[in-house]
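What follows is the content of query_11.cif, which has mmCIF, C-alpha atoms (C1' of nucleotides):
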data_target
loop_
_atom_site.label_atom_id
_atom_site.label_comp_id
_atom_site.auth_asym_id
_atom_site.auth_seq_id
_atom_site.Cartn_x
_atom_site.Cartn_y
_atom_site.Cartn_z
CA MET V 200 -99.15 -16.18 -64.64
CA GLU V 201 -98.18 -19.18 -62.54
CA MET V 202 -98.82 -22.58 -63.99
CA ALA V 203 -99.78 -25.46 -61.75
CA THR V 204 -97.04 -28.02 -61.47
CA ASP V 205 -99.24 -30.93 -62.45
CA ILE V 206 -100.44 -29.16 -65.56
CA PHE V 207 -96.87 -28.75 -66.67
CA ARG V 208 -96.15 -32.35 -65.71
CA ASP V 209 -98.96 -33.49 -67.98
CA LEU V 210 -97.66 -31.30 -70.77
CA CYS V 211 -94.23 -32.88 -70.43
CA GLN V 212 -95.66 -36.37 -70.43
CA LYS V 213 -97.70 -35.62 -73.53
CA HIS V 214 -94.54 -34.51 -75.30
CA GLY V 215 -92.43 -37.34 -73.96
CA ILE V 216 -89.96 -35.35 -71.88
CA ALA V 217 -89.09 -35.48 -68.19
CA MET V 218 -90.40 -32.78 -65.91
CA THR V 219 -87.89 -30.83 -63.85
CA HIS V 220 -88.07 -27.69 -61.78
CA GLN V 221 -85.75 -25.82 -64.15
CA ARG V 222 -87.87 -26.76 -67.15
CA GLN V 223 -91.04 -25.59 -65.49
CA VAL V 224 -89.62 -22.22 -64.53
CA LEU V 225 -88.07 -21.81 -67.97
CA PHE V 226 -91.37 -22.55 -69.67
CA GLU V 227 -93.35 -20.25 -67.42
CA THR V 228 -90.83 -17.49 -67.93
CA LEU V 229 -91.05 -17.82 -71.69
CA GLN V 230 -94.81 -17.56 -71.54
CA SER V 231 -94.51 -14.35 -69.57
CA MET V 232 -92.17 -12.69 -72.08
CA TYR V 233 -92.95 -10.79 -75.27
CA GLY V 234 -91.44 -10.71 -78.70
CA HIS V 235 -88.46 -12.81 -79.71
CA PRO V 236 -86.05 -13.12 -76.79
CA SER V 237 -82.57 -14.60 -77.10
CA PRO V 238 -81.39 -17.44 -74.85
CA GLU V 239 -79.36 -14.86 -72.95
CA ASP V 240 -82.48 -12.72 -72.39
CA VAL V 241 -84.38 -15.72 -71.12
CA TYR V 242 -81.46 -16.76 -68.93
CA VAL V 243 -81.45 -13.40 -67.16
CA ARG V 244 -85.15 -13.67 -66.43
CA VAL V 245 -85.04 -17.29 -65.28
CA LYS V 246 -82.13 -16.52 -62.92
CA GLU V 247 -84.45 -14.33 -60.87
CA LYS V 248 -86.40 -17.44 -59.93
CA VAL V 249 -83.60 -20.02 -60.06
CA PRO V 250 -80.35 -18.18 -59.37
CA ALA V 251 -78.20 -21.28 -59.71
CA ILE V 252 -79.35 -22.13 -63.23
CA SER V 253 -76.75 -22.42 -65.95
CA LEU V 254 -76.93 -20.77 -69.36
CA ALA V 255 -76.15 -24.18 -70.85
CA THR V 256 -79.33 -25.54 -69.27
CA VAL V 257 -81.32 -22.76 -70.88
CA TYR V 258 -79.88 -23.60 -74.29
CA LYS V 259 -80.35 -27.33 -73.81
CA ASN V 260 -83.97 -26.98 -72.79
CA ILE V 261 -84.93 -24.43 -75.40
CA HIS V 262 -83.73 -26.91 -77.98
CA LEU V 263 -85.56 -29.71 -76.21
CA PHE V 264 -88.77 -27.68 -76.18
CA VAL V 265 -88.40 -26.85 -79.85
CA ASP V 266 -87.64 -30.44 -80.83
CA SER V 267 -90.56 -31.81 -78.87
CA GLY V 268 -92.96 -29.20 -80.17
CA LEU V 269 -93.57 -27.32 -76.93
CA LEU V 270 -91.99 -24.21 -78.34
CA ARG V 271 -91.29 -22.67 -81.73
CA GLU V 272 -88.25 -20.79 -82.88
CA VAL V 273 -88.48 -17.64 -84.95
CA SER V 274 -86.67 -18.92 -87.99
CA VAL V 275 -86.12 -22.49 -89.07
CA HIS V 276 -83.25 -21.52 -91.35
CA HIS V 277 -79.54 -22.26 -91.06
CA GLY V 278 -77.83 -20.60 -88.15
CA THR V 279 -75.19 -19.33 -90.55
CA LEU V 280 -75.00 -16.81 -93.36
CA ARG V 281 -76.22 -18.29 -96.65
CA VAL V 282 -76.53 -16.60 -99.99
CA GLU V 283 -79.09 -17.10 -102.74
CA THR V 284 -77.76 -18.25 -106.06
CA ASN V 285 -81.25 -18.48 -107.56
CA GLN V 286 -82.04 -15.17 -109.24
CA HIS V 287 -85.71 -15.88 -109.93
CA PRO V 288 -88.45 -14.86 -107.46
CA HIS V 289 -88.86 -17.94 -105.33
CA HIS V 290 -89.65 -19.21 -101.86
CA HIS V 291 -88.43 -22.06 -99.70
CA LEU V 292 -89.58 -25.54 -98.78
CA ILE V 293 -88.09 -26.50 -95.44
CA CYS V 294 -88.26 -30.07 -94.21
CA SER V 295 -88.83 -30.13 -90.47
CA GLU V 296 -87.31 -33.60 -90.38
CA CYS V 297 -83.99 -33.20 -92.20
CA ASN V 298 -83.92 -29.36 -92.38
CA GLN V 299 -83.16 -29.41 -96.06
CA ILE V 300 -84.09 -26.19 -97.85
CA THR V 301 -85.36 -26.38 -101.41
CA ASP V 302 -86.34 -23.53 -103.68
CA ILE V 303 -89.80 -23.31 -105.16
CA ASP V 304 -90.91 -20.82 -107.81
CA GLN V 305 -93.46 -18.29 -106.71
CA GLY V 306 -95.90 -19.47 -109.40
CA GLU V 307 -95.55 -23.13 -108.55
CA LEU V 308 -96.34 -22.34 -104.93
CA GLY V 309 -99.67 -20.79 -105.88
CA PHE V 310 -98.91 -17.77 -103.75
CA THR V 311 -100.28 -14.38 -104.68
CA PRO V 312 -98.46 -11.51 -103.02
CA GLY V 313 -100.89 -9.45 -100.96
CA ARG V 314 -101.17 -5.74 -100.53
CA THR V 315 -98.12 -3.50 -100.65
CA LYS V 316 -99.13 -1.36 -97.70
CA LEU V 317 -100.35 -2.83 -94.45
CA ALA V 318 -102.82 -1.38 -91.99
CA ASN V 319 -100.15 -0.22 -89.57
CA GLY V 320 -98.36 1.72 -92.32
CA PHE V 321 -95.68 -0.86 -93.01
CA LYS V 322 -94.47 -0.49 -96.61
CA VAL V 323 -94.04 -3.91 -98.22
CA GLU V 324 -91.05 -4.58 -100.45
CA ARG V 325 -91.45 -8.31 -100.87
CA TYR V 326 -92.78 -11.46 -99.30
CA ALA V 327 -90.56 -14.36 -98.30
CA VAL V 328 -92.56 -17.53 -97.73
CA ASP V 329 -91.22 -20.58 -95.95
CA VAL V 330 -93.28 -23.70 -96.42
CA ILE V 331 -92.56 -25.97 -93.49
CA GLY V 332 -93.39 -29.64 -93.78
CA ILE V 333 -92.01 -33.05 -94.68
CA CYS V 334 -90.05 -33.65 -97.85
CA PRO V 335 -90.81 -36.71 -100.00
CA GLN V 336 -87.62 -38.48 -98.91
CA CYS V 337 -88.46 -38.16 -95.21
CA GLN V 338 -92.07 -39.22 -95.84
CA ALA V 339 -90.75 -42.39 -97.42
CA LYS V 340 -88.52 -43.06 -94.41
CA GLN V 341 -91.45 -42.59 -92.02
CA THR V 342 -93.68 -45.16 -93.73
CA ASN V 343 -90.91 -47.77 -93.72
CA MET H 474 -70.37 -18.55 -117.53
CA GLU H 475 -67.76 -15.79 -117.77
CA MET H 476 -68.96 -12.26 -117.33
CA ALA H 477 -67.29 -9.48 -119.26
CA THR H 478 -65.32 -7.18 -116.99
CA ASP H 479 -67.03 -4.03 -118.23
CA ILE H 480 -70.47 -5.49 -117.59
CA PHE H 481 -69.50 -6.13 -113.99
CA ARG H 482 -67.95 -2.67 -113.80
CA ASP H 483 -71.27 -1.15 -114.89
CA LEU H 484 -73.10 -3.28 -112.34
CA CYS H 485 -70.82 -1.99 -109.59
CA GLN H 486 -71.24 1.60 -110.67
CA LYS H 487 -75.00 1.20 -110.73
CA HIS H 488 -74.88 -0.03 -107.15
CA GLY H 489 -72.32 2.51 -106.00
CA ILE H 490 -69.45 0.20 -105.13
CA ALA H 491 -65.88 0.02 -106.41
CA MET H 492 -65.00 -2.72 -108.84
CA THR H 493 -62.09 -4.99 -107.94
CA HIS H 494 -60.77 -8.25 -109.31
CA GLN H 495 -61.69 -10.15 -106.14
CA ARG H 496 -65.26 -8.85 -106.26
CA GLN H 497 -65.67 -9.81 -109.86
CA VAL H 498 -64.44 -13.37 -109.30
CA LEU H 499 -66.56 -13.69 -106.15
CA PHE H 500 -69.67 -12.55 -107.98
CA GLU H 501 -69.06 -14.82 -110.97
CA THR H 502 -68.42 -17.74 -108.68
CA LEU H 503 -71.68 -17.15 -106.83
CA GLN H 504 -73.58 -17.08 -110.09
CA SER H 505 -72.08 -20.43 -111.02
CA MET H 506 -73.12 -22.12 -107.78
CA TYR H 507 -76.41 -23.75 -106.81
CA GLY H 508 -78.52 -23.74 -103.69
CA HIS H 509 -77.55 -21.85 -100.57
CA PRO H 510 -73.80 -21.91 -100.08
CA SER H 511 -72.06 -20.74 -96.93
CA PRO H 512 -69.26 -18.16 -97.01
CA GLU H 513 -66.85 -21.03 -96.42
CA ASP H 514 -68.24 -22.93 -99.44
CA VAL H 515 -67.87 -19.85 -101.59
CA TYR H 516 -64.37 -19.23 -100.27
CA VAL H 517 -63.23 -22.68 -101.34
CA ARG H 518 -64.54 -22.13 -104.84
CA VAL H 519 -63.14 -18.63 -105.22
CA LYS H 520 -59.71 -19.81 -104.07
CA GLU H 521 -59.46 -21.92 -107.22
CA LYS H 522 -59.37 -18.72 -109.25
CA VAL H 523 -57.72 -16.38 -106.73
CA PRO H 524 -55.58 -18.53 -104.42
CA ALA H 525 -54.41 -15.61 -102.31
CA ILE H 526 -57.90 -14.43 -101.36
CA SER H 527 -58.76 -14.19 -97.67
CA LEU H 528 -61.90 -15.57 -96.05
CA ALA H 529 -62.40 -12.15 -94.49
CA THR H 530 -62.59 -10.64 -97.97
CA VAL H 531 -65.30 -13.12 -98.89
CA TYR H 532 -67.32 -12.17 -95.81
CA LYS H 533 -66.76 -8.46 -96.32
CA ASN H 534 -67.85 -8.56 -99.92
CA ILE H 535 -70.82 -10.85 -99.43
CA HIS H 536 -72.10 -8.31 -96.94
CA LEU H 537 -71.29 -5.49 -99.31
CA PHE H 538 -73.21 -7.23 -102.10
CA VAL H 539 -76.17 -7.87 -99.84
CA ASP H 540 -76.23 -4.31 -98.53
CA SER H 541 -76.00 -2.79 -101.99
CA GLY H 542 -78.65 -5.11 -103.39
CA LEU H 543 -76.45 -7.12 -105.75
CA LEU H 544 -77.12 -10.26 -103.78
CA ARG H 545 -79.73 -11.65 -101.42
CA GLU H 546 -79.27 -13.76 -98.33
CA VAL H 547 -81.43 -16.79 -97.66
CA SER H 548 -82.85 -15.71 -94.32
CA VAL H 549 -83.13 -12.19 -93.07
CA HIS H 550 -82.97 -13.49 -89.54
CA HIS H 551 -80.20 -16.03 -89.41
CA GLY H 552 -77.76 -15.07 -86.68
CA THR H 553 -78.88 -16.07 -83.24
CA LEU H 554 -81.47 -18.37 -81.71
CA ARG H 555 -84.77 -16.64 -80.97
CA VAL H 556 -87.91 -18.14 -79.55
CA GLU H 557 -91.54 -17.28 -80.17
CA THR H 558 -93.52 -16.13 -77.17
CA ASN H 559 -96.62 -15.45 -79.28
CA GLN H 560 -98.77 -18.58 -79.28
CA HIS H 561 -101.24 -17.43 -81.94
CA PRO H 562 -100.70 -18.23 -85.64
CA HIS H 563 -98.81 -15.23 -86.89
CA HIS H 564 -96.21 -14.03 -89.33
CA HIS H 565 -93.41 -11.45 -89.27
CA LEU H 566 -92.88 -7.93 -90.50
CA ILE H 567 -89.18 -7.30 -90.96
CA CYS H 568 -87.87 -3.81 -91.53
CA SER H 569 -84.99 -3.91 -93.99
CA GLU H 570 -83.77 -0.61 -92.56
CA CYS H 571 -83.60 -1.25 -88.81
CA ASN H 572 -84.11 -5.05 -88.85
CA GLN H 573 -86.84 -4.89 -86.26
CA ILE H 574 -89.18 -7.88 -86.28
CA THR H 575 -92.85 -7.38 -85.49
CA ASP H 576 -95.56 -10.02 -85.29
CA ILE H 577 -98.64 -9.80 -87.44
CA ASP H 578 -101.69 -12.02 -87.13
CA GLN H 579 -102.38 -14.29 -90.05
CA GLY H 580 -105.78 -12.72 -90.60
CA GLU H 581 -104.52 -9.17 -90.51
CA LEU H 582 -101.94 -10.06 -93.15
CA GLY H 583 -104.64 -11.16 -95.58
CA PHE H 584 -102.76 -14.32 -96.33
CA THR H 585 -104.62 -17.48 -97.25
CA PRO H 586 -102.59 -20.62 -96.74
CA GLY H 587 -102.39 -22.58 -99.98
CA ARG H 588 -102.60 -26.29 -100.63
CA THR H 589 -101.36 -28.83 -98.11
CA LYS H 590 -99.62 -31.02 -100.64
CA LEU H 591 -97.34 -29.62 -103.31
CA ALA H 592 -96.72 -30.94 -106.79
CA ASN H 593 -93.38 -32.51 -105.87
CA GLY H 594 -94.98 -34.46 -103.01
CA PHE H 595 -93.89 -32.13 -100.23
CA LYS H 596 -96.36 -32.41 -97.32
CA VAL H 597 -97.14 -28.97 -95.91
CA GLU H 598 -97.42 -28.48 -92.17
CA ARG H 599 -97.57 -24.71 -92.06
CA TYR H 600 -96.58 -21.51 -93.81
CA ALA H 601 -94.25 -18.95 -92.30
CA VAL H 602 -94.39 -15.60 -94.07
CA ASP H 603 -91.82 -12.86 -93.67
CA VAL H 604 -92.98 -9.52 -94.98
CA ILE H 605 -89.90 -7.51 -95.78
CA GLY H 606 -90.21 -3.76 -96.12
CA ILE H 607 -89.92 -0.46 -94.30
CA CYS H 608 -91.51 0.12 -90.93
CA PRO H 609 -93.43 3.36 -90.24
CA GLN H 610 -90.65 4.75 -88.04
CA CYS H 611 -87.99 4.29 -90.70
CA GLN H 612 -90.30 5.74 -93.37
CA ALA H 613 -90.61 8.85 -91.22
CA LYS H 614 -86.83 9.12 -90.90
CA GLN H 615 -86.40 8.81 -94.66
CA THR H 616 -88.75 11.68 -95.49
CA ASN H 617 -87.04 13.98 -92.98
"C1'" DT Y 822 -44.63 10.08 -115.10
"C1'" DT Y 823 -44.47 10.67 -110.23
"C1'" DG Y 824 -46.23 11.27 -105.62
"C1'" DA Y 825 -49.91 11.20 -102.43
"C1'" DC Y 826 -54.25 9.50 -100.83
"C1'" DG Y 827 -57.93 6.48 -99.80
"C1'" DG Y 828 -60.03 2.39 -100.15
"C1'" DA Y 829 -59.48 -2.68 -100.53
"C1'" DC Y 830 -56.85 -6.65 -99.45
"C1'" DG Y 831 -54.66 -10.43 -96.59
"C1'" DA Y 832 -53.25 -12.25 -92.24
"C1'" DT Y 833 -54.68 -13.02 -88.08
"C1'" DA Y 834 -56.31 -11.68 -83.37
"C1'" DA Y 835 -60.56 -11.01 -80.99
"C1'" DT Y 836 -65.30 -11.67 -80.02
"C1'" DA Y 837 -69.85 -13.76 -79.64
"C1'" DA Y 838 -72.80 -17.56 -79.73
"C1'" DT Y 839 -73.32 -22.12 -79.03
"C1'" DT Y 840 -72.02 -26.83 -77.87
"C1'" DA Y 841 -69.37 -30.48 -75.53
"C1'" DT Y 842 -67.46 -32.47 -71.41
"C1'" DC Y 843 -67.68 -34.23 -67.00
"C1'" DG Y 844 -68.50 -34.83 -62.17
"C1'" DT Y 845 -72.56 -34.29 -59.22
"C1'" DT Y 846 -77.48 -34.31 -58.25
"C1'" DC Y 847 -82.25 -35.32 -59.15
"C1'" DA Y 848 -86.65 -37.57 -60.94
"C1'" DA Y 849 -89.10 -41.73 -62.33
"C1'" DT Y 850 -90.34 -46.05 -61.10
"C1'" DA Y 851 -90.12 -50.55 -59.25
"C1'" DT M 229 -86.95 -46.04 -50.52
"C1'" DA M 230 -83.12 -47.72 -53.53
"C1'" DT M 231 -81.61 -47.72 -58.23
"C1'" DT M 232 -80.44 -45.84 -62.39
"C1'" DG M 233 -80.27 -43.03 -66.21
"C1'" DA M 234 -81.15 -38.51 -67.29
"C1'" DA M 235 -80.57 -33.59 -66.12
"C1'" DC M 236 -77.92 -30.07 -63.99
"C1'" DG M 237 -74.01 -26.65 -63.31
"C1'" DA M 238 -69.45 -25.16 -64.29
"C1'" DT M 239 -66.62 -24.36 -67.66
"C1'" DA M 240 -63.62 -25.65 -71.62
"C1'" DA M 241 -63.90 -25.97 -76.50
"C1'" DT M 242 -65.62 -24.97 -80.91
"C1'" DT M 243 -67.57 -22.32 -84.70
"C1'" DA M 244 -68.88 -18.40 -87.13
"C1'" DT M 245 -68.03 -13.90 -87.68
"C1'" DT M 246 -65.90 -9.39 -87.08
"C1'" DA M 247 -62.17 -6.15 -86.02
"C1'" DT M 248 -57.52 -4.65 -86.51
"C1'" DC M 249 -53.73 -3.24 -88.87
"C1'" DG M 250 -49.96 -3.01 -92.01
"C1'" DT M 251 -49.45 -3.28 -97.06
"C1'" DC M 252 -50.75 -2.78 -101.77
"C1'" DC M 253 -53.07 -0.84 -105.79
"C1'" DG M 254 -55.64 2.43 -108.64
"C1'" DT M 255 -56.75 7.16 -109.35
"C1'" DC M 256 -55.91 11.87 -109.71
"C1'" DA M 257 -53.17 16.40 -109.37
"C1'" DA M 258 -48.89 18.40 -110.34
#

Any chance you could put this one into structure tokens?
Amino acid sequence: MEMATDIFRDLCQKHGIAMTHQRQVLFETLQSMYGHPSPEDVYVRVKEKVPAISLATVYKNIHLFVDSGLLREVSVHHGTLRVETNQHPHHHLICSECNQITDIDQGELGFTPGRTKLANGFKVERYAVDVIGICPQCQAKQTN
Amino acid sequence: MEMATDIFRDLCQKHGIAMTHQRQVLFETLQSMYGHPSPEDVYVRVKEKVPAISLATVYKNIHLFVDSGLLREVSVHHGTLRVETNQHPHHHLICSECNQITDIDQGELGFTPGRTKLANGFKVERYAVDVIGICPQCQAKQTN
DNA sequence: TTGACGGACGATAATAATTATCGTTCAATA
DNA sequence: TATTGAACGATAATTATTATCGTCCGTCAA
């Protein structure tokens, strides 16, 4: 489960971030966990290896990892409660650059809802699809 | 844009909630808005019609509407920051009863990613699918 | 109509999650 | 190895949300 230090150093270099002891332990800890842990959960686990670490460091580096593509977060949506005003069946386009969320009709997306019962017995009510990518505005900015 | 009071009363009855003036104005206001407003946004708008309304009432009733199915929220997992520990391409099963989130492999879901460029010029990086429904455990509880 | 009851409201205190600040320490590199 | 900016740790501050609690309003029985 241990990752060689120089492998992690390379990984950091590839993603353009500095390598520190805290970051290495944090990353290794994440890889050893299951499911969708909260920063607090991760903090508790990392403390076993680096007792002096601060919760703020965990937050800062999770965000750093996410921003630099080392790590992914469960949902790219707003951190706050948002309500749908669009009554029609639709999905979301989310720009990974500016985080803007735009609605797209189910038909326009070319998405056909799959089965209504999955292998494990999960009963499907509906599908919510997030299309993550770059919006036209941000594409234009990038080429400039 | 106005909704007759007795139509809203019927709607409330159908969903098993009491009808009040604040709820009616809140609901009408939501229907008149676009995009994905925050409770604060909605509060500001509702205040124009009901100046004495409290932000807490807006929160309470948005949740009531969501729970009773009158309204939908943008993301089922907003709330707190969660990180993915699963490196493989996967999607999420979300139980609308107990809110548990389970990973499901893209293949197992039977989902075929669509086009990589959408009509409006949006450049697709990846698709994130949330399957919302009832997990086997909660189905068992319901039949009991 | 009146009186009682329960649920909804408004004001605001409390909590939870996250971010900002700031002095100290560490990692990259010349 | 000395320099220098970035990262760290402690903790204060902020933001979003929820809980509390006294009051008010609508409904129903007398």

Suppose a student applies the PyMOL selection byres ((chain H and resi 520-534) around 10) to this structure; what residues should they get, written as a VMD selection string? (chain V and resid 280) or (chain H and resid 494 to 496 498 to 500 502 511 to 513 515 to 519 535 to 540) or (chain Y and resid 829 to 832) or (chain M and resid 245 to 246)

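Across the chains present, the PyMOL selection byres ((chain Y) within 10 of (chain V)) applied to this file returns Y:DA838, Y:DT839, Y:DT840, Y:DC847, Y:DA848, Y:DA849.
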
Compute the chain M side of the contact with chain V at 12 Å, counting only C-alpha atoms (C1' of nucleotides), and hand it back as JSON, numbers by chain. {"M": [233, 234, 235, 236, 237, 238, 239, 243, 244, 245]}

Define the interface residues of chain V facing chain H as those within 7 Å, counting all atoms listed in the file, and report them as a ChimeraX atom specification. /V:229-230,232-238,271-274,276-284,309,313,320-335

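Going from atom CA of H:Thr478 to atom C1' of M:DT251 covers 25.8 Å.
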
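Computed from the coordinates, the atom CA of V:Ala203 to atom CA of V:Gln223 distance equals 9.5 Å.
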
Taking the file as shown, what set of residues would the PyMOL selection byres ((chain Y and resi 841) around 9) give back, as a VMD selection string? (chain Y and resid 840 842) or (chain M and resid 240 to 242)

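Interatomic distance, atom CA of V:Phe207 against atom CA of V:Gly268: 14.1 Å.
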
For Y:DG824, work out the shell of residues within 12 Å, counting only C-alpha atoms (C1' of nucleotides) and skipping chain neighbours fewer than 2 positions away, then give it as a PyMOL selection string. (chain Y and resi 822+826) or (chain M and resi 255-258)

Store the residues picked out above in a file with C-alpha atoms (C1' of nucleotides), as a PDB file, in the frame of the given file.
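Just written: part-v2.pdb:
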ATOM      1  C1'  DT Y 822     -44.630  10.080-115.100  1.00  0.00           C
ATOM      2  C1'  DC Y 826     -54.250   9.500-100.830  1.00  0.00           C
TER       3       DC Y 826
ATOM      4  C1'  DT M 255     -56.750   7.160-109.350  1.00  0.00           C
ATOM      5  C1'  DC M 256     -55.910  11.870-109.710  1.00  0.00           C
ATOM      6  C1'  DA M 257     -53.170  16.400-109.370  1.00  0.00           C
ATOM      7  C1'  DA M 258     -48.890  18.400-110.340  1.00  0.00           C
TER       8       DA M 258
END
